[in-house]
>>> print(open('run-v1.tsv').read())   # TSV, C-alpha atoms
chain	number	residue	atom	x	y	z
S	1	MET	CA	-16.85	20.13	9.98
S	2	LYS	CA	-14.70	17.36	11.54
S	3	LYS	CA	-11.15	17.17	10.24
S	4	HIS	CA	-9.74	13.92	8.92
S	5	LEU	CA	-7.96	12.28	11.86
S	6	VAL	CA	-4.78	10.31	11.17
S	7	VAL	CA	-3.64	8.10	14.05
S	8	ALA	CA	-0.20	6.46	14.09
S	9	LEU	CA	0.57	3.42	16.20
S	10	ALA	CA	3.59	3.52	18.53
S	11	TYR	CA	5.02	0.43	20.20
S	12	ASP	CA	8.12	-0.59	22.13
S	13	GLN	CA	11.19	-0.80	19.83
S	14	LEU	CA	9.43	1.60	17.48
S	15	CYS	CA	10.80	1.93	13.93
S	16	THR	CA	12.00	5.53	14.18
S	17	PHE	CA	12.35	6.34	10.49
S	18	GLU	CA	8.95	5.01	9.46
S	19	PHE	CA	7.33	6.78	12.42
S	20	GLY	CA	9.19	10.00	11.56
S	21	CYS	CA	7.91	9.88	7.97
S	22	THR	CA	4.35	9.65	9.27
S	23	VAL	CA	4.84	12.59	11.62
S	24	GLU	CA	6.47	14.67	8.88
S	25	LEU	CA	3.59	14.09	6.47
S	26	PHE	CA	0.60	14.54	8.77
S	27	ALA	CA	1.60	16.32	12.00
S	28	LEU	CA	3.23	19.48	10.62
S	29	ASN	CA	1.24	22.65	10.11
S	30	ARG	CA	1.13	23.55	6.42
S	31	PRO	CA	-0.54	26.98	6.12
S	32	GLU	CA	1.07	27.54	2.72
S	33	LEU	CA	-1.23	24.89	1.23
S	34	ASP	CA	-4.41	26.83	2.07
S	35	VAL	CA	-6.35	23.62	2.80
S	36	ASP	CA	-7.95	22.19	5.92
S	37	TRP	CA	-5.06	19.90	6.87
S	38	TYR	CA	-5.29	16.68	8.84
S	39	ASP	CA	-5.59	16.26	12.59
S	40	PHE	CA	-2.91	13.92	13.89
S	41	ALA	CA	-2.52	11.76	16.99
S	42	VAL	CA	-0.31	8.95	18.24
S	43	CYS	CA	-1.53	6.00	20.31
S	44	ALA	CA	0.61	3.57	22.27
S	45	MET	CA	0.31	-0.19	22.21
S	46	GLU	CA	1.99	-0.47	25.62
S	47	ALA	CA	1.89	1.74	28.71
S	48	GLY	CA	4.80	3.92	29.81
S	49	LYS	CA	7.74	5.28	27.85
S	50	LEU	CA	8.57	3.32	24.72
S	51	ARG	CA	11.98	2.61	23.27
S	52	ALA	CA	12.62	3.60	19.66
S	53	ALA	CA	15.44	2.71	17.28
S	54	GLY	CA	18.51	4.84	17.95
S	55	GLY	CA	18.19	4.89	21.72
S	56	ILE	CA	15.25	7.30	21.77
S	57	ARG	CA	12.51	7.17	24.39
S	58	VAL	CA	8.98	8.07	23.31
S	59	GLU	CA	6.16	9.15	25.60
S	60	VAL	CA	2.74	8.82	23.95
S	61	PRO	CA	-0.37	10.66	25.20
S	62	HIS	CA	-3.05	8.23	23.96
S	63	ASP	CA	-3.79	4.54	24.35
S	64	LEU	CA	-5.26	2.18	21.75
S	65	ASN	CA	-8.74	3.61	22.25
S	66	MET	CA	-7.68	6.54	20.05
S	67	LEU	CA	-7.90	4.14	17.10
S	68	ASP	CA	-11.68	4.10	17.57
S	69	GLN	CA	-11.77	7.71	16.32
S	70	ALA	CA	-9.29	7.40	13.47
S	71	ASP	CA	-10.25	8.05	9.86
S	72	THR	CA	-6.82	6.77	8.78
S	73	VAL	CA	-4.64	4.37	10.78
S	74	ILE	CA	-0.89	4.22	10.06
S	75	ILE	CA	1.21	1.24	11.21
S	76	PRO	CA	4.83	2.48	10.88
S	77	GLY	CA	6.62	-0.86	10.75
S	78	TRP	CA	6.64	-3.64	13.32
S	79	ARG	CA	9.45	-4.53	15.69
S	80	ASP	CA	9.79	-8.17	14.66
S	81	ALA	CA	8.16	-9.89	11.69
S	82	ASP	CA	8.35	-13.17	13.64
S	83	GLU	CA	6.49	-11.82	16.68
S	84	MET	CA	2.72	-12.19	16.81
S	85	PRO	CA	1.20	-8.78	17.70
S	86	PRO	CA	-0.78	-8.59	20.97
S	87	PRO	CA	-4.50	-9.46	20.75
S	88	ALA	CA	-5.50	-5.93	21.83
S	89	ILE	CA	-4.05	-4.25	18.73
S	90	LEU	CA	-5.44	-6.95	16.43
S	91	GLU	CA	-8.91	-6.39	17.86
S	92	LYS	CA	-8.64	-2.62	17.34
S	93	ILE	CA	-7.44	-3.09	13.75
S	94	ARG	CA	-10.37	-5.38	12.98
S	95	ALA	CA	-12.81	-2.90	14.51
S	96	ALA	CA	-11.33	0.04	12.57
S	97	HIS	CA	-11.52	-1.96	9.35
S	98	ALA	CA	-15.12	-3.02	10.03
S	99	ARG	CA	-16.28	0.58	10.48
S	100	GLY	CA	-14.55	1.70	7.26
S	101	ALA	CA	-11.40	3.42	8.50
S	102	ARG	CA	-8.52	3.57	6.03
S	103	ILE	CA	-5.64	1.39	7.24
S	104	CYS	CA	-2.05	1.72	6.03
S	105	SER	CA	1.18	-0.09	6.83
S	106	ILE	CA	4.81	0.73	6.14
S	107	CYS	CA	7.38	-2.05	5.66
S	108	SER	CA	6.96	-4.83	8.26
S	109	GLY	CA	3.80	-3.18	9.62
S	110	VAL	CA	1.92	-5.36	7.14
S	111	PHE	CA	2.44	-8.31	9.50
S	112	ILE	CA	0.10	-6.64	12.01
S	113	LEU	CA	-2.60	-6.28	9.36
S	114	ALA	CA	-2.08	-9.84	8.19
S	115	ALA	CA	-2.32	-11.17	11.75
S	116	ALA	CA	-5.57	-9.23	12.18
S	117	GLY	CA	-7.00	-11.19	9.25
S	118	ILE	CA	-8.00	-8.20	7.12
S	119	LEU	CA	-5.71	-8.93	4.16
S	120	ASP	CA	-7.04	-12.29	2.93
S	121	GLY	CA	-7.67	-12.16	-0.81
S	122	LYS	CA	-6.00	-8.77	-1.14
S	123	THR	CA	-2.80	-7.68	-2.87
S	124	VAL	CA	-0.17	-6.14	-0.60
S	125	THR	CA	3.52	-5.37	-0.49
S	126	THR	CA	6.28	-5.13	2.08
S	127	HIS	CA	10.06	-4.83	2.11
S	128	TRP	CA	11.56	-7.29	-0.35
S	129	ARG	CA	13.36	-9.05	2.54
S	130	TYR	CA	10.01	-9.97	4.12
S	131	ALA	CA	8.00	-10.85	1.00
S	132	ASP	CA	8.64	-14.61	1.02
S	133	LYS	CA	8.04	-14.85	4.77
S	134	LEU	CA	4.74	-12.99	4.48
S	135	LEU	CA	3.55	-15.19	1.62
S	136	LYS	CA	4.50	-18.46	3.34
S	137	ARG	CA	2.85	-17.48	6.61
S	138	TYR	CA	-0.31	-16.04	5.02
S	139	PRO	CA	-0.92	-17.91	1.72
S	140	ALA	CA	-4.36	-16.29	1.27
S	141	ILE	CA	-2.63	-12.95	0.63
S	142	HIS	CA	-1.20	-11.99	-2.76
S	143	VAL	CA	2.21	-10.39	-2.20
S	144	GLU	CA	3.45	-7.99	-4.88
S	145	ALA	CA	7.13	-8.13	-3.95
S	146	ASN	CA	8.33	-5.52	-6.46
S	147	ALA	CA	5.86	-2.72	-5.70
S	148	LEU	CA	6.82	0.43	-3.80
S	149	TYR	CA	3.26	0.55	-2.48
S	150	VAL	CA	-0.10	-1.06	-3.19
S	151	ASP	CA	-3.44	0.75	-2.93
S	152	GLN	CA	-6.42	-1.57	-2.40
S	153	GLY	CA	-8.79	1.24	-1.52
S	154	GLN	CA	-9.42	0.92	2.20
S	155	ILE	CA	-6.07	-0.81	2.79
S	156	LEU	CA	-2.70	0.47	1.59
S	157	THR	CA	0.68	-1.16	2.14
S	158	SER	CA	4.19	0.00	1.30
S	159	ALA	CA	7.64	-1.45	0.94
S	160	GLY	CA	10.49	-0.63	3.28
S	161	SER	CA	11.45	2.69	4.82
S	162	ALA	CA	11.52	5.42	2.15
S	163	ALA	CA	8.78	3.70	0.15
S	164	GLY	CA	6.54	4.70	3.03
S	165	LEU	CA	6.97	8.31	1.88
S	166	ASP	CA	5.75	7.30	-1.58
S	167	MET	CA	2.62	5.77	-0.08
S	168	LEU	CA	1.99	8.67	2.32
S	169	LEU	CA	2.30	11.20	-0.51
S	170	HIS	CA	-0.14	9.03	-2.46
S	171	LEU	CA	-2.59	9.39	0.43
S	172	VAL	CA	-2.24	13.17	0.27
S	173	ARG	CA	-2.77	13.03	-3.50
S	174	LYS	CA	-5.97	11.00	-3.01
S	175	ASP	CA	-7.28	13.36	-0.33
S	176	TYR	CA	-6.24	16.76	-1.69
S	177	GLY	CA	-5.21	16.27	-5.32
S	178	ALA	CA	-1.97	16.46	-7.28
S	179	ARG	CA	-1.32	20.15	-6.64
S	180	VAL	CA	-1.18	19.80	-2.86
S	181	ALA	CA	0.74	16.51	-3.00
S	182	ASN	CA	3.33	18.07	-5.30
S	183	LEU	CA	3.75	21.03	-2.96
S	184	VAL	CA	4.22	18.73	0.03
S	185	ALA	CA	6.81	16.74	-1.95
S	186	GLN	CA	8.51	20.01	-2.87
S	187	ARG	CA	8.79	20.92	0.81
S	188	LEU	CA	10.18	17.45	1.57
S	189	VAL	CA	12.60	17.77	-1.38
S	190	VAL	CA	11.52	14.40	-2.77
S	191	PRO	CA	9.87	13.40	-6.08
S	192	PRO	CA	6.04	13.52	-5.98
S	193	HIS	CA	6.05	10.05	-7.52
S	194	ARG	CA	8.87	7.58	-8.14
S	195	GLU	CA	8.91	5.29	-11.14
S	196	GLY	CA	9.83	1.62	-10.98
S	197	GLY	CA	9.71	-0.90	-8.18
S	198	GLN	CA	11.80	-2.46	-5.44
S	199	ALA	CA	13.83	-4.53	-7.88
S	200	GLN	CA	16.04	-1.55	-8.61
S	201	PHE	CA	17.09	-1.43	-4.93
S	202	VAL	CA	17.67	-5.14	-4.27
S	203	PRO	CA	21.40	-5.78	-3.88
S	204	ARG	CA	22.82	-8.20	-6.44
S	205	PRO	CA	26.38	-9.19	-7.20
S	206	MET	CA	27.61	-7.66	-10.43
S	207	PRO	CA	31.14	-7.56	-11.82
S	208	SER	CA	32.45	-4.03	-11.35
S	209	ASP	CA	33.50	-3.72	-14.98
S	210	GLU	CA	30.05	-4.65	-16.26
S	211	HIS	CA	28.43	-2.35	-13.71
S	212	ALA	CA	30.61	0.57	-14.85
S	213	ARG	CA	29.87	-0.08	-18.52
S	214	LEU	CA	26.13	-0.26	-17.87
S	215	ALA	CA	26.18	2.96	-15.84
S	216	LYS	CA	28.09	4.76	-18.60
S	217	LEU	CA	25.62	3.48	-21.19
S	218	MET	CA	22.66	4.75	-19.17
S	219	ASP	CA	24.24	8.18	-18.75
S	220	TRP	CA	25.03	8.35	-22.47
S	221	ILE	CA	21.47	7.41	-23.47
S	222	ARG	CA	20.05	10.06	-21.12
S	223	SER	CA	22.27	12.62	-22.88
S	224	HIS	CA	21.23	11.41	-26.36
S	225	PRO	CA	17.53	10.51	-26.12
S	226	THR	CA	16.71	11.43	-29.72
S	227	LEU	CA	18.97	8.79	-31.27
S	228	PRO	CA	17.24	5.63	-32.60
S	229	HIS	CA	18.37	3.34	-29.79
S	230	ASN	CA	17.66	-0.37	-29.99
S	231	LEU	CA	18.97	-3.46	-28.25
S	232	THR	CA	21.76	-4.00	-30.78
S	233	SER	CA	22.99	-0.39	-30.76
S	234	MET	CA	22.91	-0.24	-26.95
S	235	ALA	CA	24.85	-3.51	-26.66
S	236	GLU	CA	27.47	-2.26	-29.09
S	237	LYS	CA	27.82	1.01	-27.17
S	238	ALA	CA	28.30	-0.89	-23.90
S	239	ALA	CA	30.67	-3.41	-25.50
S	240	MET	CA	28.43	-6.28	-24.37
S	241	SER	CA	26.50	-9.00	-26.10
S	242	THR	CA	22.77	-8.37	-26.37
S	243	ARG	CA	22.15	-11.27	-23.99
S	244	THR	CA	24.51	-9.84	-21.35
S	245	LEU	CA	22.98	-6.40	-21.73
S	246	GLN	CA	19.49	-7.77	-21.18
S	247	ARG	CA	20.61	-9.66	-18.09
S	248	GLN	CA	22.40	-6.66	-16.62
S	249	PHE	CA	19.42	-4.34	-17.19
S	250	LYS	CA	17.08	-6.86	-15.58
S	251	GLU	CA	19.33	-7.30	-12.55
S	252	SER	CA	19.97	-3.58	-12.10
S	253	THR	CA	16.56	-2.08	-12.87
S	254	GLY	CA	14.07	-4.94	-12.94
S	255	MET	CA	13.27	-3.98	-16.54
S	256	ALA	CA	14.27	-4.92	-20.07
S	257	PRO	CA	16.44	-2.34	-21.90
S	258	GLY	CA	13.54	-1.26	-24.12
S	259	GLU	CA	11.19	-0.64	-21.20
S	260	TRP	CA	13.90	1.28	-19.33
S	261	LEU	CA	14.48	3.44	-22.43
S	262	ILE	CA	10.77	4.24	-22.77
S	263	ARG	CA	10.51	5.22	-19.11
S	264	GLU	CA	13.57	7.47	-19.44
S	265	ARG	CA	11.97	9.15	-22.44
S	266	VAL	CA	8.73	9.61	-20.50
S	267	ALA	CA	10.72	11.23	-17.67
S	268	ILE	CA	12.26	13.65	-20.18
S	269	ALA	CA	8.82	14.35	-21.63
S	270	LYS	CA	7.46	15.16	-18.17
S	271	GLU	CA	10.19	17.77	-17.67
S	272	LEU	CA	9.53	19.27	-21.11
S	273	LEU	CA	5.78	19.39	-20.46
S	274	GLU	CA	6.43	21.56	-17.41
S	275	SER	CA	7.25	24.36	-19.84
S	276	PRO	CA	4.15	25.84	-21.51
S	277	HIS	CA	6.21	27.01	-24.48
S	278	THR	CA	7.13	23.59	-25.87
S	279	SER	CA	4.57	22.06	-28.22
S	280	LEU	CA	3.60	18.40	-28.00
S	281	THR	CA	5.32	17.80	-31.34
S	282	GLN	CA	8.55	19.27	-29.96
S	283	VAL	CA	8.20	17.28	-26.73
S	284	ALA	CA	7.79	14.06	-28.72
S	285	GLU	CA	10.86	14.83	-30.83
S	286	LEU	CA	13.12	16.01	-27.98
S	287	ALA	CA	12.21	13.04	-25.78
S	288	GLY	CA	12.96	10.61	-28.61
S	289	PHE	CA	9.42	9.36	-29.31
S	290	GLY	CA	9.37	10.73	-32.83
S	291	SER	CA	5.62	11.28	-33.00
S	292	GLU	CA	2.83	12.66	-30.82
S	293	GLU	CA	0.96	9.37	-31.14
S	294	SER	CA	3.90	7.42	-29.70
S	295	LEU	CA	4.32	9.99	-26.92
S	296	ARG	CA	0.65	9.81	-25.95
S	297	ARG	CA	0.54	6.02	-25.99
S	298	HIS	CA	3.59	5.47	-23.80
S	299	PHE	CA	2.83	8.44	-21.54
S	300	ARG	CA	-0.68	7.16	-20.80
S	301	ARG	CA	0.60	3.65	-20.08
S	302	ILE	CA	3.31	4.75	-17.65
S	303	VAL	CA	1.88	7.91	-16.07
S	304	ALA	CA	-1.81	6.93	-16.32
S	305	ASN	CA	-2.51	10.41	-17.66
S	306	SER	CA	-2.38	12.23	-20.97
S	307	PRO	CA	0.47	14.65	-21.76
S	308	GLY	CA	-2.06	17.49	-22.00
S	309	ASN	CA	-3.60	16.79	-18.61
S	310	TYR	CA	-0.17	16.41	-17.03
S	311	ARG	CA	0.85	19.81	-18.38
S	312	LYS	CA	-2.33	21.37	-17.01
S	313	GLN	CA	-1.82	19.84	-13.57
S	314	PHE	CA	1.74	21.11	-13.40
S	315	ALA	CA	0.61	24.57	-14.48
S	316	ASP	CA	-1.91	24.52	-11.61
S	317	VAL	CA	0.89	23.63	-9.18
S	318	LEU	CA	3.05	26.51	-10.37
S	319	THR	CA	0.14	28.94	-10.09
S	320	ALA	CA	-0.59	27.93	-6.52
S	321	ALA	CA	3.00	27.53	-5.31
S	322	PRO	CA	4.08	29.96	-2.55
S	323	MET	CA	6.71	32.51	-3.46
>>> encode(input="run-v1.tsv", output="structure tokens")
Amino acid sequence: MKKHLVVALAYDQLCTFEFGCTVELFALNRPELDVDWYDFAVCAMEAGKLRAAGGIRVEVPHDLNMLDQADTVIIPGWRDADEMPPPAILEKIRAAHARGARICSICSGVFILAAAGILDGKTVTTHWRYADKLLKRYPAIHVEANALYVDQGQILTSAGSAAGLDMLLHLVRKDYGARVANLVAQRLVVPPHREGGQAQFVPRPMPSDEHARLAKLMDWIRSHPTLPHNLTSMAEKAAMSTRTLQRQFKESTGMAPGEWLIRERVAIAKELLESPHTSLTQVAELAGFGSEESLRRHFRRIVANSPGNYRKQFADVLTAAPM
């Protein structure tokens, strides 16, 4: 039975980090997973040795014809969002898309897919610095500027740099299930899935005193999740007006205080659910939801899974994890 072939594109001035993430996810042998892992290859857009960020030289064994065999194509960034990609790579991308290959981009790599004309009418993302440029240049594309990654089925796009890892782990989860994806994340020492969007990483000016008070408030709430927090009580604790608190939460996290609080409680619930000895009633109480009904409702909305199924999936991971 033919293995699933992942092919990564290399080009002159290659984005080293994005390329390295792709290699780390798909090229390493992973016998501990006890699954038929991917085949992996790299193809070059130009002939000869290629330069990569950091002064590295890369020698690639395959040319663009390798894309004709790919089940999944990874575009690990693009050297210049203002540079039109060569016609040869655009033709190969269109051909791969037409025959049903899965096509994925990290960060500025989305500009190659957009130039190939395969994104019209679709929702995509890219690094927040490029979102406006992408939308202005390709108005037929819907750009979700706050997403870490967007899955449109055959086409997946991610935000900048480390968000590529989120998308690549998502690919593993789609192909092999949560257990294998969690084990790969464990080996990488990264979360299997990150909550939130890019807004939490966009730099914004904030007075240092307000920043310190907000950080202290967040830490205090995490240590006291069972208290009946509301906007007024949080503002009083931070010594801010409710209006200032709402503005600071939005600028720092991209969320309103109430939504941030619910997501923190869901994160606590996820940790509690990893123990088989804590009942759902206890999880709801310790996470600050107060009732199982409230826990289930918010957990399903944010995790897209029930607390019971999440617990079962984690138990499966523990059972299969190597010692």
>>> residues_around(input="run-v1.tsv", residues="Ala44 of chain S", least_positions_apart="2", cutoff="6 Å", atoms="all atoms listed in the file", output="list in words")
Ala10, Tyr11, Glu46, Val60 and Asp63 of chain S
>>> atom_distance(input="run-v1.tsv", atom1="atom CA of Ala116 of chain S", atom2="atom CA of Arg129 of chain S")
21.2 Å
>>> residues_around(input="run-v1.tsv", residues="segment 118-126 of chain S", least_positions_apart="5", cutoff="7 Å", atoms="all atoms listed in the file", output="list in words")
Arg94, Cys107, Ser108, Val110, Leu113, Ala131, Ala140, Ile141, His142, Val143, Glu144, Ala145, Ala147, Tyr149, Val150, Thr157, Ser158, Ala159 and Gly160 of chain S
>>> atom_distance(input="run-v1.tsv", atom1="atom CA of Gly258 of chain S", atom2="atom CA of Tyr310 of chain S")
23.5 Å
>>> residues_near_point(input="run-v1.tsv", point="(-10.2, 5.8, 10.5)", cutoff="10 Å", atoms="all atoms listed in the file", output="list in words")
His4, Leu5, Val6, Val7, Met66, Leu67, Asp68, Gln69, Ala70, Asp71, Thr72, Val73, Ile74, Ile93, Ala95, Ala96, His97, Arg99, Gly100, Ala101, Arg102, Ile103 and Gln154 of chain S
>>> closest_residue(input="run-v1.tsv", among="S:Leu227, S:Ile155, S:Leu64, S:Asp82", to="Ile106 of chain S", atoms="only C-alpha atoms")
S:Ile155
>>> closest_residue(input="run-v1.tsv", among="S:Tyr176, S:Trp260, S:Phe17, S:Phe111", to="Leu90 of chain S", atoms="all atoms listed in the file")
S:Phe111
>>> decode(input="run-v1.tsv", residues="segment 55-66 of chain S", atoms="all heavy atoms", output="PDB file, in the first residue's frame")
ATOM      1  N   GLY S  55      22.160  32.165   6.567  1.00  0.00           N
ATOM      2  CA  GLY S  55      23.408  31.864   5.891  1.00  0.00           C
ATOM      3  C   GLY S  55      23.603  30.407   5.541  1.00  0.00           C
ATOM      4  O   GLY S  55      24.718  29.975   5.240  1.00  0.00           O
ATOM      5  N   ILE S  56      22.530  29.638   5.550  1.00  0.00           N
ATOM      6  CA  ILE S  56      22.603  28.201   5.258  1.00  0.00           C
ATOM      7  C   ILE S  56      22.471  27.980   3.755  1.00  0.00           C
ATOM      8  O   ILE S  56      21.737  28.705   3.073  1.00  0.00           O
ATOM      9  CB  ILE S  56      21.479  27.451   6.005  1.00  0.00           C
ATOM     10  CG1 ILE S  56      21.620  27.648   7.512  1.00  0.00           C
ATOM     11  CG2 ILE S  56      21.469  25.975   5.654  1.00  0.00           C
ATOM     12  CD1 ILE S  56      20.426  27.170   8.296  1.00  0.00           C
ATOM     13  N   ARG S  57      23.158  26.970   3.254  1.00  0.00           N
ATOM     14  CA  ARG S  57      23.003  26.544   1.869  1.00  0.00           C
ATOM     15  C   ARG S  57      22.291  25.200   1.852  1.00  0.00           C
ATOM     16  O   ARG S  57      22.608  24.300   2.631  1.00  0.00           O
ATOM     17  CB  ARG S  57      24.371  26.411   1.187  1.00  0.00           C
ATOM     18  CG  ARG S  57      25.094  27.739   0.997  1.00  0.00           C
ATOM     19  CD  ARG S  57      24.575  28.469  -0.221  1.00  0.00           C
ATOM     20  NE  ARG S  57      25.290  29.729  -0.449  1.00  0.00           N
ATOM     21  CZ  ARG S  57      25.155  30.475  -1.517  1.00  0.00           C
ATOM     22  NH1 ARG S  57      24.342  30.098  -2.480  1.00  0.00           N
ATOM     23  NH2 ARG S  57      25.824  31.606  -1.651  1.00  0.00           N
ATOM     24  N   VAL S  58      21.324  25.053   0.968  1.00  0.00           N
ATOM     25  CA  VAL S  58      20.510  23.845   0.905  1.00  0.00           C
ATOM     26  C   VAL S  58      20.653  23.213  -0.478  1.00  0.00           C
ATOM     27  O   VAL S  58      20.508  23.902  -1.492  1.00  0.00           O
ATOM     28  CB  VAL S  58      19.020  24.158   1.181  1.00  0.00           C
ATOM     29  CG1 VAL S  58      18.176  22.893   1.097  1.00  0.00           C
ATOM     30  CG2 VAL S  58      18.861  24.827   2.538  1.00  0.00           C
ATOM     31  N   GLU S  59      20.954  21.924  -0.494  1.00  0.00           N
ATOM     32  CA  GLU S  59      21.021  21.184  -1.743  1.00  0.00           C
ATOM     33  C   GLU S  59      19.834  20.220  -1.788  1.00  0.00           C
ATOM     34  O   GLU S  59      19.678  19.383  -0.898  1.00  0.00           O
ATOM     35  CB  GLU S  59      22.342  20.419  -1.845  1.00  0.00           C
ATOM     36  CG  GLU S  59      22.579  19.803  -3.210  1.00  0.00           C
ATOM     37  CD  GLU S  59      23.997  19.277  -3.365  1.00  0.00           C
ATOM     38  OE1 GLU S  59      24.798  19.427  -2.417  1.00  0.00           O
ATOM     39  OE2 GLU S  59      24.292  18.719  -4.435  1.00  0.00           O
ATOM     40  N   VAL S  60      19.013  20.324  -2.804  1.00  0.00           N
ATOM     41  CA  VAL S  60      17.747  19.593  -2.857  1.00  0.00           C
ATOM     42  C   VAL S  60      17.818  18.534  -3.961  1.00  0.00           C
ATOM     43  O   VAL S  60      18.225  18.836  -5.087  1.00  0.00           O
ATOM     44  CB  VAL S  60      16.579  20.563  -3.129  1.00  0.00           C
ATOM     45  CG1 VAL S  60      15.258  19.822  -3.165  1.00  0.00           C
ATOM     46  CG2 VAL S  60      16.544  21.655  -2.056  1.00  0.00           C
ATOM     47  N   PRO S  61      17.399  17.293  -3.671  1.00  0.00           N
ATOM     48  CA  PRO S  61      17.567  16.211  -4.642  1.00  0.00           C
ATOM     49  C   PRO S  61      16.530  16.156  -5.754  1.00  0.00           C
ATOM     50  O   PRO S  61      16.735  15.494  -6.761  1.00  0.00           O
ATOM     51  CB  PRO S  61      17.464  14.953  -3.768  1.00  0.00           C
ATOM     52  CG  PRO S  61      16.584  15.358  -2.629  1.00  0.00           C
ATOM     53  CD  PRO S  61      16.923  16.800  -2.361  1.00  0.00           C
ATOM     54  N   HIS S  62      15.381  16.849  -5.588  1.00  0.00           N
ATOM     55  CA  HIS S  62      14.304  16.721  -6.571  1.00  0.00           C
ATOM     56  C   HIS S  62      13.944  18.079  -7.163  1.00  0.00           C
ATOM     57  O   HIS S  62      14.073  19.116  -6.502  1.00  0.00           O
ATOM     58  CB  HIS S  62      13.057  16.109  -5.932  1.00  0.00           C
ATOM     59  CG  HIS S  62      13.298  14.791  -5.271  1.00  0.00           C
ATOM     60  ND1 HIS S  62      13.558  13.639  -5.970  1.00  0.00           N
ATOM     61  CD2 HIS S  62      13.323  14.449  -3.948  1.00  0.00           C
ATOM     62  CE1 HIS S  62      13.734  12.630  -5.126  1.00  0.00           C
ATOM     63  NE2 HIS S  62      13.591  13.094  -3.893  1.00  0.00           N
ATOM     64  N   ASP S  63      13.446  18.046  -8.403  1.00  0.00           N
ATOM     65  CA  ASP S  63      12.938  19.273  -9.013  1.00  0.00           C
ATOM     66  C   ASP S  63      11.420  19.327  -8.849  1.00  0.00           C
ATOM     67  O   ASP S  63      10.816  18.494  -8.153  1.00  0.00           O
ATOM     68  CB  ASP S  63      13.360  19.372 -10.479  1.00  0.00           C
ATOM     69  CG  ASP S  63      12.820  18.225 -11.345  1.00  0.00           C
ATOM     70  OD1 ASP S  63      11.837  17.564 -10.934  1.00  0.00           O
ATOM     71  OD2 ASP S  63      13.368  17.998 -12.431  1.00  0.00           O
ATOM     72  N   LEU S  64      10.788  20.294  -9.497  1.00  0.00           N
ATOM     73  CA  LEU S  64       9.354  20.517  -9.312  1.00  0.00           C
ATOM     74  C   LEU S  64       8.493  19.349  -9.773  1.00  0.00           C
ATOM     75  O   LEU S  64       7.326  19.247  -9.377  1.00  0.00           O
ATOM     76  CB  LEU S  64       8.925  21.788 -10.050  1.00  0.00           C
ATOM     77  CG  LEU S  64       9.357  23.116  -9.427  1.00  0.00           C
ATOM     78  CD1 LEU S  64       8.904  24.275 -10.308  1.00  0.00           C
ATOM     79  CD2 LEU S  64       8.809  23.278  -8.018  1.00  0.00           C
ATOM     80  N   ASN S  65       9.041  18.452 -10.564  1.00  0.00           N
ATOM     81  CA  ASN S  65       8.260  17.301 -11.022  1.00  0.00           C
ATOM     82  C   ASN S  65       7.842  16.394  -9.863  1.00  0.00           C
ATOM     83  O   ASN S  65       6.882  15.634  -9.984  1.00  0.00           O
ATOM     84  CB  ASN S  65       9.045  16.499 -12.056  1.00  0.00           C
ATOM     85  CG  ASN S  65       9.161  17.237 -13.383  1.00  0.00           C
ATOM     86  OD1 ASN S  65       8.240  17.934 -13.795  1.00  0.00           O
ATOM     87  ND2 ASN S  65      10.299  17.108 -14.051  1.00  0.00           N
ATOM     88  N   MET S  66       8.553  16.486  -8.740  1.00  0.00           N
ATOM     89  CA  MET S  66       8.182  15.685  -7.570  1.00  0.00           C
ATOM     90  C   MET S  66       6.780  16.063  -7.077  1.00  0.00           C
ATOM     91  O   MET S  66       6.081  15.237  -6.476  1.00  0.00           O
ATOM     92  CB  MET S  66       9.216  15.883  -6.457  1.00  0.00           C
ATOM     93  CG  MET S  66       8.912  15.129  -5.167  1.00  0.00           C
ATOM     94  SD  MET S  66       8.729  13.331  -5.366  1.00  0.00           S
ATOM     95  CE  MET S  66      10.427  12.868  -5.760  1.00  0.00           C
TER      96      MET S  66
END
